[in-house]
>>> print(open('final-v7.cif').read())   # mmCIF, C-alpha atoms
data_model
loop_
_atom_site.group_PDB
_atom_site.id
_atom_site.type_symbol
_atom_site.label_atom_id
_atom_site.label_comp_id
_atom_site.auth_asym_id
_atom_site.auth_seq_id
_atom_site.Cartn_x
_atom_site.Cartn_y
_atom_site.Cartn_z
ATOM 1 C CA MET K 13 -9.975 0.469 -2.944
ATOM 2 C CA THR K 14 -7.567 -2.124 -4.348
ATOM 3 C CA THR K 15 -7.763 -5.656 -5.674
ATOM 4 C CA GLU K 16 -8.672 -7.083 -2.261
ATOM 5 C CA THR K 17 -11.933 -5.206 -1.756
ATOM 6 C CA ALA K 18 -14.697 -7.288 -0.181
ATOM 7 C CA GLU K 19 -17.505 -4.774 0.193
ATOM 8 C CA ALA K 20 -19.468 -2.327 -1.916
ATOM 9 C CA SER K 21 -18.213 1.223 -1.722
ATOM 10 C CA PRO K 22 -20.500 4.077 -0.698
ATOM 11 C CA ALA K 23 -18.200 6.692 -2.229
ATOM 12 C CA MET K 24 -16.563 6.081 -5.546
ATOM 13 C CA GLN K 25 -16.846 9.333 -7.448
ATOM 14 C CA PRO K 26 -14.782 12.552 -7.356
ATOM 15 C CA ASN K 27 -15.597 15.258 -4.838
ATOM 16 C CA ASP K 28 -18.466 17.575 -5.624
ATOM 17 C CA GLY K 29 -19.185 20.931 -4.104
ATOM 18 C CA ASP K 30 -21.865 19.629 -1.738
ATOM 19 C CA GLU K 31 -19.492 17.058 -0.218
ATOM 20 C CA SER K 32 -16.274 19.065 -0.030
ATOM 21 C CA ASP K 33 -16.764 20.018 3.620
ATOM 22 C CA GLN K 34 -16.612 16.338 4.578
ATOM 23 C CA TYR K 35 -12.937 16.141 3.608
ATOM 24 C CA PRO K 36 -10.356 18.120 5.623
ATOM 25 C CA PRO K 37 -8.610 20.515 3.215
ATOM 26 C CA HIS K 38 -5.057 19.746 4.311
ATOM 27 C CA TRP K 39 -5.029 16.263 2.808
ATOM 28 C CA GLY K 40 -4.952 17.392 -0.809
ATOM 29 C CA PRO K 41 -1.863 19.600 -0.430
ATOM 30 C CA THR K 42 -0.201 16.907 1.674
ATOM 31 C CA ALA K 43 -0.710 14.262 -1.000
ATOM 32 C CA TRP K 44 0.362 16.607 -3.795
ATOM 33 C CA SER K 45 3.507 17.634 -1.916
ATOM 34 C CA LEU K 46 4.503 13.997 -1.473
ATOM 35 C CA LEU K 47 3.821 13.091 -5.102
ATOM 36 C CA SER K 48 5.741 16.142 -6.349
ATOM 37 C CA ASP K 49 8.653 15.311 -4.066
ATOM 38 C CA LEU K 50 8.604 11.717 -5.310
ATOM 39 C CA ARG K 51 8.904 12.892 -8.909
ATOM 40 C CA GLN K 52 11.774 15.215 -8.054
ATOM 41 C CA ARG K 53 13.790 12.896 -5.815
ATOM 42 C CA SER K 54 13.065 9.500 -7.410
ATOM 43 C CA PRO K 55 13.932 7.423 -4.319
ATOM 44 C CA LEU K 56 15.305 3.915 -4.782
ATOM 45 C CA ILE K 57 12.780 1.386 -3.495
ATOM 46 C CA GLN K 58 13.901 -2.206 -3.023
ATOM 47 C CA CYS K 59 11.059 -4.653 -3.605
ATOM 48 C CA ILE K 60 11.157 -8.250 -2.456
ATOM 49 C CA THR K 61 7.825 -9.126 -3.960
ATOM 50 C CA ASN K 62 5.968 -12.007 -5.529
ATOM 51 C CA PHE K 63 6.233 -13.238 -9.102
ATOM 52 C CA VAL K 64 2.636 -12.260 -9.953
ATOM 53 C CA SER K 65 3.122 -8.635 -8.910
ATOM 54 C CA MET K 66 6.646 -7.772 -10.064
ATOM 55 C CA ASP K 67 5.590 -6.141 -13.321
ATOM 56 C CA ILE K 68 2.780 -3.929 -11.990
ATOM 57 C CA VAL K 69 4.778 -3.042 -8.854
ATOM 58 C CA ALA K 70 7.765 -1.878 -10.898
ATOM 59 C CA ASN K 71 5.608 0.020 -13.388
ATOM 60 C CA THR K 72 3.578 1.701 -10.647
ATOM 61 C CA LEU K 73 6.732 2.944 -8.963
ATOM 62 C CA LEU K 74 8.195 4.158 -12.251
ATOM 63 C CA ALA K 75 4.984 5.942 -13.247
ATOM 64 C CA ALA K 76 4.833 7.698 -9.879
ATOM 65 C CA GLY K 77 8.442 8.817 -10.137
ATOM 66 C CA ALA K 78 10.315 6.330 -7.942
ATOM 67 C CA SER K 79 13.133 3.980 -8.929
ATOM 68 C CA PRO K 80 12.240 0.308 -8.313
ATOM 69 C CA ALA K 81 14.727 -2.493 -7.758
ATOM 70 C CA MET K 82 13.449 -6.062 -7.665
ATOM 71 C CA ILE K 83 16.296 -7.514 -5.606
ATOM 72 C CA HIS K 84 15.498 -10.623 -3.559
ATOM 73 C CA SER K 85 18.713 -12.643 -3.349
ATOM 74 C CA LEU K 86 20.132 -13.010 0.159
ATOM 75 C CA ALA K 87 23.630 -12.719 -1.316
ATOM 76 C CA GLU K 88 22.904 -9.184 -2.532
ATOM 77 C CA ILE K 89 21.312 -7.800 0.625
ATOM 78 C CA PRO K 90 24.505 -6.569 2.383
ATOM 79 C CA ASP K 91 25.703 -4.624 -0.653
ATOM 80 C CA PHE K 92 22.459 -3.427 -2.184
ATOM 81 C CA THR K 93 19.926 -2.815 0.578
ATOM 82 C CA PRO K 94 21.845 0.056 2.253
ATOM 83 C CA GLN K 95 21.500 2.022 -0.993
ATOM 84 C CA ALA K 96 17.694 1.883 -0.918
ATOM 85 C CA GLN K 97 15.615 4.660 0.630
ATOM 86 C CA ALA K 98 12.855 2.173 1.543
ATOM 87 C CA LEU K 99 12.089 -1.540 1.365
ATOM 88 C CA CYS K 100 8.851 -3.263 0.359
ATOM 89 C CA VAL K 101 8.426 -6.906 1.401
ATOM 90 C CA ASN K 102 5.533 -8.862 -0.121
ATOM 91 C CA VAL K 103 5.031 -12.549 0.735
ATOM 92 C CA GLY K 104 2.650 -13.430 -2.095
ATOM 93 C CA THR K 105 4.478 -16.358 -3.713
ATOM 94 C CA LEU K 106 6.355 -17.283 -0.567
ATOM 95 C CA SER K 107 8.894 -20.091 -0.413
ATOM 96 C CA PRO K 108 11.310 -21.045 2.373
ATOM 97 C CA SER K 109 14.350 -19.836 0.450
ATOM 98 C CA TRP K 110 13.007 -16.267 0.311
ATOM 99 C CA VAL K 111 12.320 -15.776 4.024
ATOM 100 C CA PRO K 112 15.973 -15.255 5.106
ATOM 101 C CA ALA K 113 16.414 -12.516 2.497
ATOM 102 C CA MET K 114 13.216 -10.800 3.603
ATOM 103 C CA LYS K 115 14.263 -10.852 7.262
ATOM 104 C CA SER K 116 17.855 -9.839 6.516
ATOM 105 C CA ALA K 117 16.808 -6.872 4.379
ATOM 106 C CA ALA K 118 14.221 -5.743 6.925
ATOM 107 C CA GLU K 119 16.665 -6.010 9.817
ATOM 108 C CA LEU K 120 19.228 -4.011 7.877
ATOM 109 C CA MET K 121 16.737 -1.242 7.113
ATOM 110 C CA VAL K 122 15.793 -1.029 10.793
ATOM 111 C CA LYS K 123 19.467 -0.882 11.747
ATOM 112 C CA LEU K 124 20.001 1.945 9.239
ATOM 113 C CA GLY K 125 16.935 3.820 10.458
ATOM 114 C CA LYS K 126 15.159 3.546 7.113
ATOM 115 C CA PRO K 127 11.498 2.608 6.555
ATOM 116 C CA TRP K 128 10.226 -0.721 5.357
ATOM 117 C CA VAL K 129 6.714 -1.883 4.524
ATOM 118 C CA LEU K 130 5.194 -5.363 4.852
ATOM 119 C CA ASP K 131 2.439 -6.816 2.666
ATOM 120 C CA PRO K 132 1.335 -10.045 4.441
ATOM 121 C CA VAL K 133 -0.443 -11.641 1.483
ATOM 122 C CA ALA K 134 -2.823 -14.436 2.567
ATOM 123 C CA ALA K 135 -1.231 -14.398 6.034
ATOM 124 C CA GLY K 136 -3.758 -16.819 7.489
ATOM 125 C CA ALA K 137 -3.730 -19.331 4.637
ATOM 126 C CA SER K 138 -1.143 -21.707 6.146
ATOM 127 C CA GLY K 139 0.943 -22.166 9.240
ATOM 128 C CA PHE K 140 4.161 -21.602 7.284
ATOM 129 C CA ARG K 141 2.887 -18.341 5.830
ATOM 130 C CA LEU K 142 1.478 -17.079 9.135
ATOM 131 C CA ASN K 143 4.678 -17.851 11.029
ATOM 132 C CA ALA K 144 6.794 -16.139 8.383
ATOM 133 C CA CYS K 145 4.575 -13.047 8.525
ATOM 134 C CA LEU K 146 4.613 -12.946 12.320
ATOM 135 C CA ALA K 147 8.405 -13.189 12.287
ATOM 136 C CA LEU K 148 8.541 -10.253 9.877
ATOM 137 C CA VAL K 149 6.163 -8.240 12.052
ATOM 138 C CA GLY K 150 8.695 -8.817 14.834
ATOM 139 C CA VAL K 151 11.261 -6.897 12.762
ATOM 140 C CA LYS K 152 9.159 -3.749 13.264
ATOM 141 C CA PRO K 153 7.880 -2.702 9.844
ATOM 142 C CA THR K 154 7.122 0.975 9.491
ATOM 143 C CA VAL K 155 3.821 0.102 7.787
ATOM 144 C CA ILE K 156 1.813 -3.108 7.425
ATOM 145 C CA ARG K 157 -0.723 -3.033 4.589
ATOM 146 C CA GLY K 158 -3.131 -5.872 3.976
ATOM 147 C CA ASN K 159 -6.748 -6.697 3.360
ATOM 148 C CA GLY K 160 -9.207 -7.299 6.164
ATOM 149 C CA SER K 161 -8.630 -11.039 6.429
ATOM 150 C CA GLU K 162 -4.844 -10.651 6.450
ATOM 151 C CA ILE K 163 -4.884 -8.033 9.197
ATOM 152 C CA ILE K 164 -7.268 -10.094 11.327
ATOM 153 C CA ALA K 165 -5.029 -13.167 10.928
ATOM 154 C CA LEU K 166 -1.942 -11.213 11.988
ATOM 155 C CA SER K 167 -3.670 -9.552 14.904
ATOM 156 C CA ARG K 168 -5.013 -12.844 16.234
ATOM 157 C CA ALA K 169 -1.965 -14.885 15.151
ATOM 158 C CA SER K 170 -4.419 -17.458 13.846
ATOM 159 C CA LEU K 171 -5.202 -19.276 10.627
ATOM 160 C CA GLY K 172 -8.244 -18.242 8.645
ATOM 161 C CA VAL K 173 -8.243 -20.085 5.353
ATOM 162 C CA SER K 174 -10.596 -18.384 2.917
ATOM 163 C CA LYS K 175 -12.379 -19.865 -0.070
ATOM 164 C CA LYS K 176 -11.487 -16.586 -1.776
ATOM 165 C CA GLY K 177 -7.757 -17.417 -1.877
ATOM 166 C CA VAL K 178 -5.668 -14.261 -1.490
ATOM 167 C CA ASP K 179 -8.790 -12.076 -1.685
ATOM 168 C CA SER K 180 -10.432 -10.882 1.493
ATOM 169 C CA ALA K 181 -13.438 -12.440 3.173
ATOM 170 C CA HIS K 182 -13.654 -9.370 5.437
ATOM 171 C CA GLY K 183 -14.255 -5.709 4.683
ATOM 172 C CA SER K 184 -11.841 -3.069 5.912
ATOM 173 C CA MET K 185 -14.233 -1.851 8.607
ATOM 174 C CA ASP K 186 -14.656 -5.436 9.841
ATOM 175 C CA ALA K 187 -10.921 -5.408 10.568
ATOM 176 C CA LEU K 188 -10.701 -1.965 12.173
ATOM 177 C CA GLU K 189 -10.330 -3.141 15.763
ATOM 178 C CA ALA K 190 -7.848 -5.832 14.696
ATOM 179 C CA ALA K 191 -5.861 -3.172 12.834
ATOM 180 C CA LYS K 192 -5.749 -0.911 15.872
ATOM 181 C CA SER K 193 -4.679 -3.802 18.078
ATOM 182 C CA LEU K 194 -1.963 -4.857 15.622
ATOM 183 C CA ALA K 195 -0.710 -1.284 15.340
ATOM 184 C CA ARG K 196 -0.428 -0.952 19.113
ATOM 185 C CA ALA K 197 1.294 -4.327 19.488
ATOM 186 C CA SER K 198 3.748 -3.881 16.618
ATOM 187 C CA GLY K 199 4.407 -0.159 16.703
ATOM 188 C CA SER K 200 3.600 -0.091 12.979
ATOM 189 C CA ILE K 201 1.141 1.964 11.012
ATOM 190 C CA VAL K 202 -1.502 -0.508 9.810
ATOM 191 C CA ALA K 203 -3.448 0.039 6.590
ATOM 192 C CA VAL K 204 -6.440 -2.095 5.645
ATOM 193 C CA SER K 205 -7.550 -2.093 2.025
ATOM 194 C CA GLY K 206 -11.226 -2.238 1.193
ATOM 195 C CA ALA K 207 -13.976 -0.227 -0.417
ATOM 196 C CA VAL K 208 -12.808 2.365 2.097
ATOM 197 C CA ASP K 209 -9.109 2.080 2.942
ATOM 198 C CA VAL K 210 -8.403 2.656 6.634
ATOM 199 C CA VAL K 211 -5.083 3.611 8.222
ATOM 200 C CA THR K 212 -4.311 3.619 11.935
ATOM 201 C CA ASP K 213 -1.481 4.028 14.412
ATOM 202 C CA GLY K 214 -3.538 2.260 17.065
ATOM 203 C CA ASN K 215 -5.280 5.417 18.219
ATOM 204 C CA ARG K 216 -5.871 7.767 15.316
ATOM 205 C CA VAL K 217 -7.799 6.365 12.336
ATOM 206 C CA VAL K 218 -8.131 7.924 8.896
ATOM 207 C CA ALA K 219 -10.006 6.652 5.865
ATOM 208 C CA ALA K 220 -9.359 7.074 2.132
ATOM 209 C CA HIS K 221 -12.541 6.858 0.065
ATOM 210 C CA ASN K 222 -11.120 6.827 -3.461
ATOM 211 C CA GLY K 223 -11.157 4.048 -6.053
ATOM 212 C CA VAL K 224 -13.413 2.159 -8.457
ATOM 213 C CA PRO K 225 -14.838 -1.378 -8.161
ATOM 214 C CA MET K 226 -13.128 -2.631 -11.322
ATOM 215 C CA MET K 227 -9.738 -2.324 -9.600
ATOM 216 C CA GLN K 228 -10.754 -5.598 -7.911
ATOM 217 C CA LYS K 229 -10.486 -7.286 -11.303
ATOM 218 C CA ILE K 230 -6.798 -6.466 -11.776
ATOM 219 C CA THR K 231 -4.412 -8.790 -9.996
ATOM 220 C CA ALA K 232 -1.809 -7.289 -7.663
ATOM 221 C CA THR K 233 -3.135 -3.741 -7.389
ATOM 222 C CA GLY K 234 -2.846 -4.222 -3.635
ATOM 223 C CA CYS K 235 0.791 -5.209 -4.050
ATOM 224 C CA ALA K 236 1.358 -2.143 -6.216
ATOM 225 C CA VAL K 237 -0.108 0.279 -3.702
ATOM 226 C CA THR K 238 2.007 -1.261 -0.926
ATOM 227 C CA ALA K 239 5.105 -0.410 -2.956
ATOM 228 C CA LEU K 240 3.796 3.111 -3.522
ATOM 229 C CA ILE K 241 3.303 3.440 0.236
ATOM 230 C CA ALA K 242 6.962 2.503 0.699
ATOM 231 C CA ALA K 243 7.958 5.232 -1.749
ATOM 232 C CA PHE K 244 5.830 7.868 -0.012
ATOM 233 C CA VAL K 245 7.091 6.863 3.425
ATOM 234 C CA ALA K 246 10.672 7.096 2.142
ATOM 235 C CA LEU K 247 10.033 10.796 1.536
ATOM 236 C CA ASP K 248 8.547 11.527 4.967
ATOM 237 C CA PRO K 249 9.467 8.724 7.383
ATOM 238 C CA SER K 250 8.583 10.844 10.403
ATOM 239 C CA HIS K 251 4.926 10.973 9.292
ATOM 240 C CA PRO K 252 4.161 7.447 8.085
ATOM 241 C CA LEU K 253 0.410 7.625 8.710
ATOM 242 C CA GLU K 254 0.011 10.699 6.516
ATOM 243 C CA ALA K 255 2.298 9.232 3.841
ATOM 244 C CA THR K 256 0.361 5.958 3.828
ATOM 245 C CA ALA K 257 -3.065 7.569 3.523
ATOM 246 C CA SER K 258 -1.779 9.870 0.791
ATOM 247 C CA ALA K 259 -0.333 6.987 -1.228
ATOM 248 C CA LEU K 260 -3.579 5.045 -1.004
ATOM 249 C CA SER K 261 -5.596 8.035 -2.171
ATOM 250 C CA VAL K 262 -3.213 8.923 -5.018
ATOM 251 C CA PHE K 263 -3.163 5.374 -6.372
ATOM 252 C CA CYS K 264 -6.941 5.096 -6.268
ATOM 253 C CA ILE K 265 -7.405 8.515 -7.868
ATOM 254 C CA ALA K 266 -5.312 7.184 -10.749
ATOM 255 C CA GLY K 267 -7.771 4.278 -10.876
ATOM 256 C CA GLU K 268 -10.703 6.690 -11.045
ATOM 257 C CA LEU K 269 -9.109 8.638 -13.878
ATOM 258 C CA GLY K 270 -8.149 5.443 -15.670
ATOM 259 C CA MET K 271 -11.702 4.164 -15.411
ATOM 260 C CA ASP K 272 -12.905 7.141 -17.456
ATOM 261 C CA LEU K 273 -10.948 5.703 -20.404
ATOM 262 C CA ALA K 274 -11.098 1.957 -19.742
ATOM 263 C CA LYS K 275 -13.287 -0.662 -21.392
ATOM 264 C CA GLY K 276 -12.424 -3.430 -18.961
ATOM 265 C CA PRO K 277 -9.788 -4.655 -16.484
ATOM 266 C CA ALA K 278 -6.936 -4.934 -19.003
ATOM 267 C CA SER K 279 -7.346 -1.402 -20.308
ATOM 268 C CA LEU K 280 -7.921 -0.090 -16.779
ATOM 269 C CA ARG K 281 -4.533 -1.488 -15.772
ATOM 270 C CA MET K 282 -2.891 0.428 -18.608
ATOM 271 C CA HIS K 283 -4.835 3.638 -18.039
ATOM 272 C CA LEU K 284 -4.298 3.494 -14.268
ATOM 273 C CA ILE K 285 -0.538 3.535 -14.787
ATOM 274 C CA ASP K 286 -0.810 6.280 -17.416
ATOM 275 C CA SER K 287 -3.057 8.325 -15.106
ATOM 276 C CA LEU K 288 -0.625 7.966 -12.214
ATOM 277 C CA TYR K 289 2.167 9.201 -14.470
ATOM 278 C CA GLY K 290 0.143 12.196 -15.677
ATOM 279 C CA LEU K 291 -1.679 13.074 -12.440
ATOM 280 C CA ASP K 292 -1.597 16.845 -11.980
ATOM 281 C CA GLU K 293 -2.240 19.105 -9.031
ATOM 282 C CA ALA K 294 -5.728 20.205 -10.027
ATOM 283 C CA ALA K 295 -7.007 16.664 -10.527
ATOM 284 C CA LEU K 296 -5.471 15.438 -7.295
ATOM 285 C CA LEU K 297 -6.742 18.319 -5.176
ATOM 286 C CA SER K 298 -10.267 17.959 -6.528
ATOM 287 C CA ARG K 299 -10.446 14.207 -5.920
ATOM 288 C CA VAL K 300 -8.680 13.471 -2.611
ATOM 289 C CA ARG K 301 -11.231 11.948 -0.247
ATOM 290 C CA ILE K 302 -9.537 11.366 3.112
ATOM 291 C CA THR K 303 -11.356 11.721 6.426
ATOM 292 C CA ASP K 304 -10.673 11.190 10.113
ATOM 293 C CA LEU K 305 -12.775 8.487 11.754
#
>>> encode(input="final-v7.cif", output="structure tokens")
Amino acid sequence: MTTETAEASPAMQPNDGDESDQYPPHWGPTAWSLLSDLRQRSPLIQCITNFVSMDIVANTLLAAGASPAMIHSLAEIPDFTPQAQALCVNVGTLSPSWVPAMKSAAELMVKLGKPWVLDPVAAGASGFRLNACLALVGVKPTVIRGNGSEIIALSRASLGVSKKGVDSAHGSMDALEAAKSLARASGSIVAVSGAVDVVTDGNRVVAAHNGVPMMQKITATGCAVTALIAAFVALDPSHPLEATASALSVFCIAGELGMDLAKGPASLRMHLIDSLYGLDEAALLSRVRITDL
């Protein structure tokens, strides 16, 4: 669950003994291995992201163990982008001058055989935004992560202006078939954020059930988890579905832990980042809630 949730969650609390059999046991060790590797290797993640999200994106990556670089100038792409282990492109505060840099960086990562992740914020809000997102999808992102409305807009290549602005008018399960279709058409892993986050390669579907409702009240948590996905995929680019689901669960577990200390959205933001930084093996293994659908 991230800031774009549009539905009430049926499962928001840590695992208990009666429910443990619902969650395949391999997911916890997989997520912990990726987080541990992230802390040890500290991969450089280039983020071309929006002005609203830059702070929380950078701090999320730092807290998790990655090294963020907020580089968006077209002039710097040829020299800087090859140094990055992954690229995160987020179109939140999109303007025409940014699109060439986004495309150039993405094309370079594909040429170098490195992963890149697309966050198509409010993809269906305008023709300009939709066309820019569709052009970026054509550059073959490793992962596309959006809310239900964004994924439906991309899958249908159609406008869908919402009265909720960048927030979703559709739940993640409402967008499941659109996500599978988009994954098959693009060759990308597609993740849909919601009360239950779903991840698909077009055939297989997994769901991450972690998170707390108050994460909806913090702007750009979706942007932050997209960047964390890029960092996880940088560590294991041959298994992007597993890396994506693990990143979603880890981020939302940090939200659960942060909620235990928070008094409201502002303190949750702080405690989420602190909890991500301090997340240990025992807490992660006891809270991972990932299932196959």
>>> closest_residue(input="final-v7.cif", among="K:Pro132, K:Gly139, K:Pro252, K:Gly150", to="K:Glu162", atoms="only C-alpha atoms")
K:Pro132
>>> residues_around(input="final-v7.cif", residues="K:Cys235", least_positions_apart="3", cutoff="12 Å", atoms="all atoms listed in the file", output="JSON, numbers by chain")
{"K": [14, 15, 16, 59, 60, 61, 62, 63, 64, 65, 66, 67, 68, 69, 70, 71, 72, 73, 100, 101, 102, 103, 104, 105, 129, 130, 131, 132, 133, 134, 156, 157, 158, 159, 178, 205, 230, 231, 232, 238, 239, 240, 241, 242, 260, 263]}
>>> resolve_selection(input="final-v7.cif", expression="the PyMOL selection byres ((chain K and resi 142-144) around 8)", output="MDAnalysis selection string")
chainID K and resid 111 135:141 145:148 165:166 169:171
>>> residues_around(input="final-v7.cif", residues="K:Ser198", least_positions_apart="2", cutoff="8 Å", atoms="only C-alpha atoms", output="PyMOL selection string")
chain K and resi 149-150+152+194-196+200
>>> atom_distance(input="final-v7.cif", atom1="atom CA of K:Pro225", atom2="atom CA of K:Leu297")
21.5 Å
>>> atom_distance(input="final-v7.cif", atom1="atom CA of K:Phe92", atom2="atom CA of K:Ser45")
28.3 Å
>>> atom_distance(input="final-v7.cif", atom1="atom CA of K:Ser79", atom2="atom CA of K:Val155")
19.5 Å
>>> resolve_selection(input="final-v7.cif", expression="the PyMOL selection byres ((chain K and resi 247) around 8)", output="MDAnalysis selection string")
chainID K and resid 46 49:50 55 243:246 248:249
>>> closest_residue(input="final-v7.cif", among="K:Thr154, K:Ser193, K:Ser250, K:Asn222", to="K:Ala207", atoms="only C-alpha atoms")
K:Asn222
>>> resolve_selection(input="final-v7.cif", expression="the PyMOL selection byres ((chain K and resi 190) around 8)", output="list of chain:residue names")
K:Ile163, K:Ile164, K:Ser167, K:Arg168, K:Ala187, K:Leu188, K:Glu189, K:Ala191, K:Lys192, K:Ser193, K:Leu194
>>> closest_residue(input="final-v7.cif", among="K:Gly206, K:Ile57, K:Val151, K:Ala98", to="K:Met82", atoms="all atoms listed in the file")
K:Ile57
